[in-house]
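Structure data (JSON, C-alpha atoms) from my_file.json:
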[["chain", "number", "residue", "atom", "x", "y", "z"],
["K", 29, "MET", "CA", -0.17, 13.26, -17.39],
["K", 30, "SER", "CA", -3.89, 13.07, -16.58],
["K", 31, "PHE", "CA", -3.78, 9.27, -16.92],
["K", 32, "LEU", "CA", -2.15, 9.14, -13.47],
["K", 33, "LEU", "CA", -5.22, 10.50, -11.70],
["K", 34, "GLU", "CA", -7.58, 8.65, -14.02],
["K", 35, "ASP", "CA", -5.95, 5.30, -13.18],
["K", 36, "MET", "CA", -5.80, 5.98, -9.43],
["K", 37, "MET", "CA", -9.47, 7.01, -9.32],
["K", 38, "LEU", "CA", -10.41, 3.58, -10.72],
["K", 39, "ILE", "CA", -9.40, 2.11, -7.35],
["K", 40, "GLU", "CA", -12.42, 1.94, -5.09],
["K", 41, "THR", "CA", -12.84, 0.15, -1.79],
["K", 42, "ASN", "CA", -15.28, -2.71, -2.00],
["K", 43, "GLU", "CA", -17.78, -2.50, 0.86],
["K", 44, "ASN", "CA", -17.67, -6.29, 1.22],
["K", 45, "GLU", "CA", -13.91, -6.13, 1.82],
["K", 46, "ILE", "CA", -14.32, -3.79, 4.81],
["K", 47, "LYS", "CA", -17.19, -5.90, 6.13],
["K", 48, "GLU", "CA", -15.05, -9.04, 5.90],
["K", 49, "GLN", "CA", -12.17, -7.43, 7.79],
["K", 50, "GLU", "CA", -14.59, -6.07, 10.40],
["K", 51, "GLU", "CA", -15.96, -9.59, 10.91],
["K", 52, "ASN", "CA", -12.41, -10.93, 11.25],
["K", 53, "LEU", "CA", -11.69, -8.33, 13.94],
["K", 54, "GLN", "CA", -14.89, -9.20, 15.78],
["K", 55, "GLU", "CA", -13.92, -12.88, 15.69],
["K", 56, "ILE", "CA", -10.51, -12.06, 17.15],
["K", 57, "ALA", "CA", -12.16, -9.94, 19.87],
["K", 58, "LYS", "CA", -14.54, -12.76, 20.72],
["K", 59, "GLN", "CA", -11.72, -15.29, 21.08],
["K", 60, "LEU", "CA", -9.65, -12.90, 23.19],
["K", 61, "GLU", "CA", -12.61, -12.25, 25.46],
["K", 62, "GLU", "CA", -12.85, -15.99, 26.00],
["K", 63, "ILE", "CA", -9.18, -16.03, 26.97],
["K", 64, "PHE", "CA", -9.84, -13.16, 29.40],
["K", 65, "ARG", "CA", -12.39, -15.27, 31.21],
["K", 66, "THR", "CA", -9.96, -18.10, 31.95],
["K", 67, "GLU", "CA", -8.61, -18.28, 35.46],
["K", 68, "ASN", "CA", -4.96, -17.92, 34.52],
["K", 69, "ALA", "CA", -5.37, -15.17, 31.97],
["K", 70, "ALA", "CA", -2.64, -12.56, 32.41],
["K", 71, "ILE", "CA", -3.70, -10.29, 29.58],
["K", 72, "PRO", "CA", -3.93, -6.52, 30.17],
["K", 73, "LYS", "CA", -7.63, -6.39, 29.35],
["K", 74, "GLU", "CA", -8.11, -2.64, 29.57],
["K", 75, "ASP", "CA", -5.37, -2.02, 27.00],
["K", 76, "PHE", "CA", -7.06, -4.48, 24.66],
["K", 77, "ARG", "CA", -10.43, -2.77, 25.01],
["K", 78, "LYS", "CA", -8.81, 0.64, 24.51],
["K", 79, "TYR", "CA", -7.16, -0.40, 21.22],
["K", 80, "PHE", "CA", -10.22, -2.25, 20.02],
["K", 81, "SER", "CA", -12.46, 0.71, 20.81],
["K", 82, "LYS", "CA", -10.25, 2.91, 18.63],
["K", 83, "ILE", "CA", -10.53, 0.40, 15.79],
["K", 84, "GLU", "CA", -14.32, 0.25, 16.11],
["K", 85, "ASN", "CA", -14.51, 4.06, 16.06],
["K", 86, "ALA", "CA", -12.39, 4.20, 12.91],
["K", 87, "LEU", "CA", -14.51, 1.53, 11.22],
["K", 88, "ARG", "CA", -17.63, 3.56, 12.04],
["K", 89, "LYS", "CA", -15.99, 6.54, 10.34],
["K", 90, "LEU", "CA", -15.44, 4.41, 7.25],
["K", 91, "GLU", "CA", -19.09, 3.37, 7.39],
["K", 92, "LYS", "CA", -20.16, 7.03, 7.48],
["K", 93, "ALA", "CA", -17.76, 7.79, 4.63],
["K", 94, "LYS", "CA", -20.08, 5.85, 2.30],
["K", 95, "THR", "CA", -22.69, 8.58, 2.62],
["K", 96, "ASN", "CA", -20.56, 11.56, 3.67],
["K", 97, "LYS", "CA", -18.13, 11.93, 0.79],
["K", 98, "LEU", "CA", -14.75, 12.13, 2.50],
["K", 99, "ASN", "CA", -11.74, 13.12, 0.43],
["K", 100, "SER", "CA", -8.96, 10.62, -0.17],
["K", 101, "LYS", "CA", -6.67, 12.27, 2.41],
["K", 102, "ALA", "CA", -9.28, 11.83, 5.16],
["K", 103, "LYS", "CA", -9.86, 8.20, 4.14],
["K", 104, "SER", "CA", -6.12, 7.52, 4.23],
["K", 105, "ARG", "CA", -5.96, 8.86, 7.79],
["K", 106, "ILE", "CA", -8.84, 6.63, 8.91],
["K", 107, "TYR", "CA", -7.24, 3.54, 7.36],
["K", 108, "GLU", "CA", -3.94, 4.49, 8.99],
["K", 109, "GLU", "CA", -5.70, 4.75, 12.37],
["K", 110, "VAL", "CA", -7.06, 1.21, 12.00],
["K", 111, "TYR", "CA", -3.71, -0.06, 10.72],
["K", 112, "LYS", "CA", -1.73, 1.34, 13.66],
["K", 113, "ASN", "CA", -4.13, -0.02, 16.28],
["K", 114, "VAL", "CA", -4.32, -3.45, 14.64],
["K", 115, "LYS", "CA", -0.52, -3.54, 14.52],
["K", 116, "ASN", "CA", -0.30, -2.53, 18.19],
["K", 117, "LEU", "CA", -2.83, -5.20, 19.17],
["K", 118, "LYS", "CA", -0.99, -7.89, 17.26],
["K", 119, "GLU", "CA", 2.37, -7.00, 18.81],
["K", 120, "LYS", "CA", 0.98, -6.66, 22.34],
["K", 121, "TYR", "CA", -1.10, -9.87, 22.37],
["K", 122, "SER", "CA", 0.80, -12.19, 20.05],
["K", 123, "ASP", "CA", 1.91, -14.36, 23.00],
["K", 124, "PHE", "CA", -1.73, -15.09, 23.85],
["K", 125, "LEU", "CA", -2.96, -15.75, 20.31],
["K", 126, "THR", "CA", -3.27, -19.00, 18.42],
["K", 127, "ASN", "CA", -1.42, -19.31, 15.12],
["K", 128, "GLU", "CA", -4.74, -18.96, 13.32],
["K", 129, "LEU", "CA", -5.48, -15.66, 15.06],
["K", 130, "ILE", "CA", -1.98, -14.37, 14.39],
["K", 131, "GLU", "CA", -2.50, -15.11, 10.68],
["K", 132, "LYS", "CA", -5.83, -13.27, 10.76],
["K", 133, "PHE", "CA", -4.19, -10.29, 12.44],
["K", 134, "ALA", "CA", -1.45, -10.27, 9.80],
["K", 135, "GLU", "CA", -4.06, -10.39, 7.02],
["K", 136, "ILE", "CA", -5.99, -7.47, 8.53],
["K", 137, "GLU", "CA", -2.79, -5.49, 9.08],
["K", 138, "VAL", "CA", -1.63, -5.71, 5.46],
["K", 139, "TYR", "CA", -5.15, -4.98, 4.20],
["K", 140, "PHE", "CA", -5.39, -1.71, 6.10],
["K", 141, "GLY", "CA", -1.72, -0.96, 5.43],
["K", 142, "TRP", "CA", -2.39, -1.25, 1.72],
["K", 143, "LYS", "CA", -5.56, 0.87, 1.86],
["K", 144, "LYS", "CA", -3.89, 3.71, 3.78],
["K", 145, "GLU", "CA", -1.17, 3.86, 1.09],
["K", 146, "ILE", "CA", -3.62, 3.66, -1.80],
["K", 147, "TYR", "CA", -5.71, 6.58, -0.57],
["K", 148, "LYS", "CA", -2.55, 8.54, 0.16],
["K", 149, "LEU", "CA", -1.51, 7.97, -3.47],
["K", 150, "ILE", "CA", -4.93, 9.04, -4.75],
["K", 151, "PHE", "CA", -4.61, 12.25, -2.75],
["K", 152, "PHE", "CA", -1.08, 12.86, -4.09],
["K", 153, "SER", "CA", -2.35, 12.24, -7.63],
["K", 154, "GLU", "CA", -5.11, 14.82, -7.14],
["K", 155, "GLU", "CA", -2.51, 17.30, -5.90],
["K", 156, "ILE", "CA", -0.17, 16.83, -8.84],
["K", 157, "VAL", "CA", -2.84, 17.90, -11.34],
["K", 158, "GLU", "CA", -3.06, 21.30, -9.63],
["K", 159, "ILE", "CA", 0.69, 21.62, -9.04],
["K", 160, "ASN", "CA", 1.52, 21.00, -12.71],
["K", 161, "LYS", "CA", -0.65, 23.95, -13.70],
["K", 162, "HIS", "CA", 1.63, 26.33, -11.81],
["K", 163, "ASP", "CA", 5.00, 24.67, -11.21],
["K", 164, "ILE", "CA", 6.22, 21.90, -13.53],
["K", 165, "LYS", "CA", 9.46, 21.38, -11.56],
["K", 166, "LYS", "CA", 7.57, 20.86, -8.30],
["K", 167, "GLY", "CA", 5.09, 18.66, -10.15],
["K", 168, "SER", "CA", 7.84, 16.40, -11.50],
["K", 169, "GLU", "CA", 9.28, 15.98, -7.99],
["K", 170, "LYS", "CA", 5.81, 15.17, -6.66],
["K", 171, "LEU", "CA", 5.41, 12.60, -9.43],
["K", 172, "TYR", "CA", 8.62, 10.88, -8.34],
["K", 173, "ASN", "CA", 7.40, 10.80, -4.73],
["K", 174, "ILE", "CA", 4.14, 9.21, -5.85],
["K", 175, "ILE", "CA", 5.83, 6.46, -7.85],
["K", 176, "TYR", "CA", 8.42, 5.79, -5.14],
["K", 177, "THR", "CA", 5.67, 5.59, -2.50],
["K", 178, "MET", "CA", 3.81, 3.22, -4.79],
["K", 179, "LEU", "CA", 6.89, 1.02, -5.06],
["K", 180, "GLN", "CA", 7.16, 0.88, -1.27],
["K", 181, "ALA", "CA", 3.46, 0.01, -0.95],
["K", 182, "ILE", "CA", 3.78, -2.78, -3.52],
["K", 183, "GLU", "CA", 6.76, -4.14, -1.60],
["K", 184, "LYS", "CA", 5.22, -4.01, 1.89],
["K", 185, "TYR", "CA", 1.47, -4.47, 1.54],
["K", 186, "THR", "CA", 0.63, -6.01, -1.80],
["K", 187, "VAL", "CA", -0.79, -9.14, -0.12],
["K", 188, "GLY", "CA", -3.64, -6.88, 1.01],
["K", 189, "ALA", "CA", -4.38, -5.70, -2.53],
["K", 190, "THR", "CA", -6.99, -7.00, -4.94],
["K", 191, "GLN", "CA", -6.00, -8.21, -8.40],
["K", 192, "LYS", "CA", -7.89, -5.26, -9.89],
["K", 193, "GLU", "CA", -5.77, -2.82, -7.87],
["K", 194, "ILE", "CA", -2.54, -4.52, -8.95],
["K", 195, "ASP", "CA", -3.68, -4.45, -12.59],
["K", 196, "ILE", "CA", -4.44, -0.73, -12.36],
["K", 197, "ILE", "CA", -1.03, 0.06, -10.85],
["K", 198, "GLN", "CA", 0.70, -2.10, -13.47],
["K", 199, "HIS", "CA", -1.18, -0.23, -16.22],
["K", 200, "LEU", "CA", -0.23, 3.11, -14.66],
["K", 201, "ALA", "CA", 3.47, 2.17, -14.44],
["K", 202, "GLU", "CA", 3.51, 0.97, -18.06],
["K", 203, "ASN", "CA", 1.86, 4.20, -19.26],
["K", 204, "LEU", "CA", 4.27, 6.32, -17.26],
["K", 205, "ILE", "CA", 7.30, 4.51, -18.72],
["K", 206, "LEU", "CA", 5.99, 5.09, -22.24],
["K", 207, "TYR", "CA", 5.21, 8.74, -21.47],
["K", 208, "ILE", "CA", 8.71, 9.48, -20.13],
["K", 209, "GLU", "CA", 10.47, 7.63, -22.95],
["K", 210, "ASN", "CA", 8.29, 9.06, -25.75],
["K", 211, "LYS", "CA", 8.77, 12.59, -24.43],
["K", 212, "ARG", "CA", 12.54, 11.90, -24.06],
["K", 213, "LEU", "CA", 12.42, 13.02, -20.44],
["K", 214, "ASN", "CA", 14.72, 10.26, -19.15],
["K", 215, "THR", "CA", 17.77, 12.52, -19.52],
["K", 216, "ILE", "CA", 16.36, 14.72, -16.71],
["K", 217, "PRO", "CA", 17.48, 13.30, -13.32],
["K", 218, "VAL", "CA", 14.12, 13.42, -11.55],
["K", 219, "PHE", "CA", 12.35, 11.76, -14.48],
["K", 220, "ARG", "CA", 15.09, 9.15, -14.72],
["K", 221, "LYS", "CA", 14.52, 8.25, -11.06],
["K", 222, "THR", "CA", 10.78, 8.12, -11.72],
["K", 223, "LEU", "CA", 11.34, 5.91, -14.75],
["K", 224, "ASN", "CA", 13.45, 3.42, -12.83],
["K", 225, "SER", "CA", 10.99, 3.36, -9.94],
["K", 226, "ALA", "CA", 8.16, 2.60, -12.39],
["K", 227, "LYS", "CA", 10.19, -0.23, -13.92],
["K", 228, "ALA", "CA", 10.97, -1.52, -10.43],
["K", 229, "ILE", "CA", 7.19, -1.62, -9.76],
["K", 230, "LEU", "CA", 6.67, -3.78, -12.85],
["K", 231, "TRP", "CA", 9.46, -6.11, -11.76],
["K", 232, "GLU", "CA", 8.07, -6.39, -8.23],
["K", 233, "ILE", "CA", 4.59, -7.21, -9.57],
["K", 234, "ASP", "CA", 6.09, -9.79, -11.90],
["K", 235, "ARG", "CA", 8.18, -11.26, -9.07],
["K", 236, "GLN", "CA", 5.17, -11.64, -6.80],
["K", 237, "LYS", "CA", 3.07, -13.20, -9.54],
["K", 238, "ASN", "CA", 5.74, -15.82, -10.06],
["K", 239, "GLN", "CA", 6.64, -16.08, -6.37],
["K", 240, "SER", "CA", 10.32, -15.94, -7.33],
["K", 241, "LYS", "CA", 13.21, -14.80, -5.16],
["K", 242, "ASN", "CA", 14.68, -11.31, -5.32],
["K", 243, "THR", "CA", 17.74, -12.15, -7.34],
["K", 244, "VAL", "CA", 19.70, -10.48, -10.10],
["K", 245, "GLU", "CA", 18.79, -13.49, -12.28],
["K", 246, "SER", "CA", 15.06, -12.93, -11.80],
["K", 247, "LEU", "CA", 15.43, -9.25, -12.70],
["K", 248, "LEU", "CA", 17.44, -10.15, -15.80],
["K", 249, "ASP", "CA", 14.70, -12.58, -16.87],
["K", 250, "PHE", "CA", 12.14, -9.83, -16.43],
["K", 251, "LEU", "CA", 14.16, -7.39, -18.54],
["K", 252, "LYS", "CA", 13.81, -9.67, -21.56],
["K", 253, "THR", "CA", 10.10, -8.82, -21.81],
["K", 254, "SER", "CA", 10.09, -5.36, -20.19],
["K", 255, "PRO", "CA", 10.00, -1.98, -21.95],
["K", 256, "GLU", "CA", 13.26, -0.87, -23.56],
["K", 257, "TRP", "CA", 16.09, -0.24, -21.10],
["K", 258, "VAL", "CA", 18.88, 2.20, -21.79],
["K", 259, "GLY", "CA", 22.41, 2.59, -20.43],
["K", 260, "ASP", "CA", 22.60, 2.04, -16.70],
["K", 261, "ASP", "CA", 18.85, 1.48, -16.23],
["K", 262, "PHE", "CA", 19.38, -2.04, -14.91],
["K", 263, "GLU", "CA", 21.83, -1.04, -12.17],
["K", 264, "GLU", "CA", 19.73, 1.98, -11.18],
["K", 265, "CYS", "CA", 16.51, -0.01, -11.01],
["K", 266, "LEU", "CA", 18.15, -2.77, -8.98],
["K", 267, "GLU", "CA", 19.46, -0.14, -6.55],
["K", 268, "TYR", "CA", 15.92, 1.25, -6.15],
["K", 269, "VAL", "CA", 14.55, -2.19, -5.33],
["K", 270, "ASN", "CA", 17.33, -2.81, -2.82],
["K", 271, "GLU", "CA", 16.84, 0.64, -1.28],
["K", 272, "VAL", "CA", 13.17, -0.08, -0.66],
["K", 273, "ARG", "CA", 14.01, -3.43, 0.88],
["K", 274, "ARG", "CA", 16.52, -1.85, 3.28],
["K", 275, "GLU", "CA", 13.86, 0.48, 4.72]]
Could you render the structure as structure tokens?
Amino acid sequence: MSFLLEDMMLIETNENEIKEQEENLQEIAKQLEEIFRTENAAIPKEDFRKYFSKIENALRKLEKAKTNKLNSKAKSRIYEEVYKNVKNLKEKYSDFLTNELIEKFAEIEVYFGWKKEIYKLIFFSEEIVEINKHDIKKGSEKLYNIIYTMLQAIEKYTVGATQKEIDIIQHLAENLILYIENKRLNTIPVFRKTLNSAKAILWEIDRQKNQSKNTVESLLDFLKTSPEWVGDDFEECLEYVNEVRRE
């Protein structure tokens, strides 16, 4: 199952992407500072500066990560730090922001939300290679957790992903489906759950490409061109999609 790690390692953060998001944050900070200077401003300025300082510190860590080779787990934590503080800022100051700034905040939030999940998945993928050497049962459970986490990330943060990243995940899901079916592992419960999660990922990617609604009809249309489905695969996959949406 080495293809899992190989595919995940193809995902690299583009330095220009981080720079663009940093510039967006600086623009937001500049506009908020202008609001602070107005006579009637009722914004808790110190809270803003506290959150923004944390974001700047995290971005500096990412800058250092270019030369100091941080592992994927450490990178995920840094992205999560930025994500949480951006989310807090957006929620705390939304009443003072223009619609344009709110949209920028939302864009930054999903970008860093996506990145924190991607690096978490890379770390999990690195772990599974070692786990499989010693404990296949534990490795298969870890595999399911990876694919289910991937499904959640696709559902929540895919707007922050690049097309290359989506293509890599689609390729990974397709390979995993073939691997499980060719090895006849889909009779084992944990692999069956993994299989249906992988198929749900393909459906979600297809849905977002076509901007269609989450309906049974759209899933049925997708099944016509998807890998072979057996028995209750449809119902199980649909339940996985709905379960993710309920969270």
Show me, as a Markdown table, the residues of stretch 76-146 of chain K having an atom within 6 Å of stretch 170-192 of chain K, each with the closest atom pair and its distance in Å, using all atoms listed in the file.
| residue | atom | partner | partner_atom | distance |
| --- | --- | --- | --- | --- |
| K:Val138 | CA | K:Gly188 | CA | 5.0 |
| K:Tyr139 | CA | K:Gly188 | CA | 4.0 |
| K:Trp142 | CA | K:Tyr185 | CA | 5.0 |
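Here atom CA of K:Leu200 is placed at a distance of 10.1 Å from atom CA of K:Ile229.
Checking K:Pro217, K:Arg65, K:Ile46, K:Lys227 one by one against K:His199, counting all atoms listed in the file, you find the shortest gap at K:Lys227.
With distances taken over only C-alpha atoms, K:Thr126 is the one residue among K:Leu87, K:Thr126, K:Glu108, K:Ala102 lying closest to K:Ile56.
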Item to check | K:Phe140 surroundings by only C-alpha atoms, 10 Å radius, close-in-sequence under 4 positions cut, as number ranges by chain | outcome: K: 46, 49, 104, 106-112, 114-115, 135-136, 144-146, 185, 188-189
Checklist entry - Which is closest to K:Ile164 among K:Lys132, K:Asn116, K:Asn203, K:Phe219, if we use only C-alpha atoms? => result K:Phe219
Next on the checklist: Would you compute the distance between atom CA of K:Asn113 and atom CA of K:Ile83? Give it in Å to one decimal.
Outcome noted: 6.4 Å
Item to check | For atom CA of K:Phe152 and atom CA of K:Leu98, the interatomic separation in Å (one decimal) | outcome: 15.2 Å
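Closest approach to K:Ile63 among K:Phe124, K:Arg235, K:Tyr79, K:Ala86 is made by K:Phe124 (distances from all atoms listed in the file).
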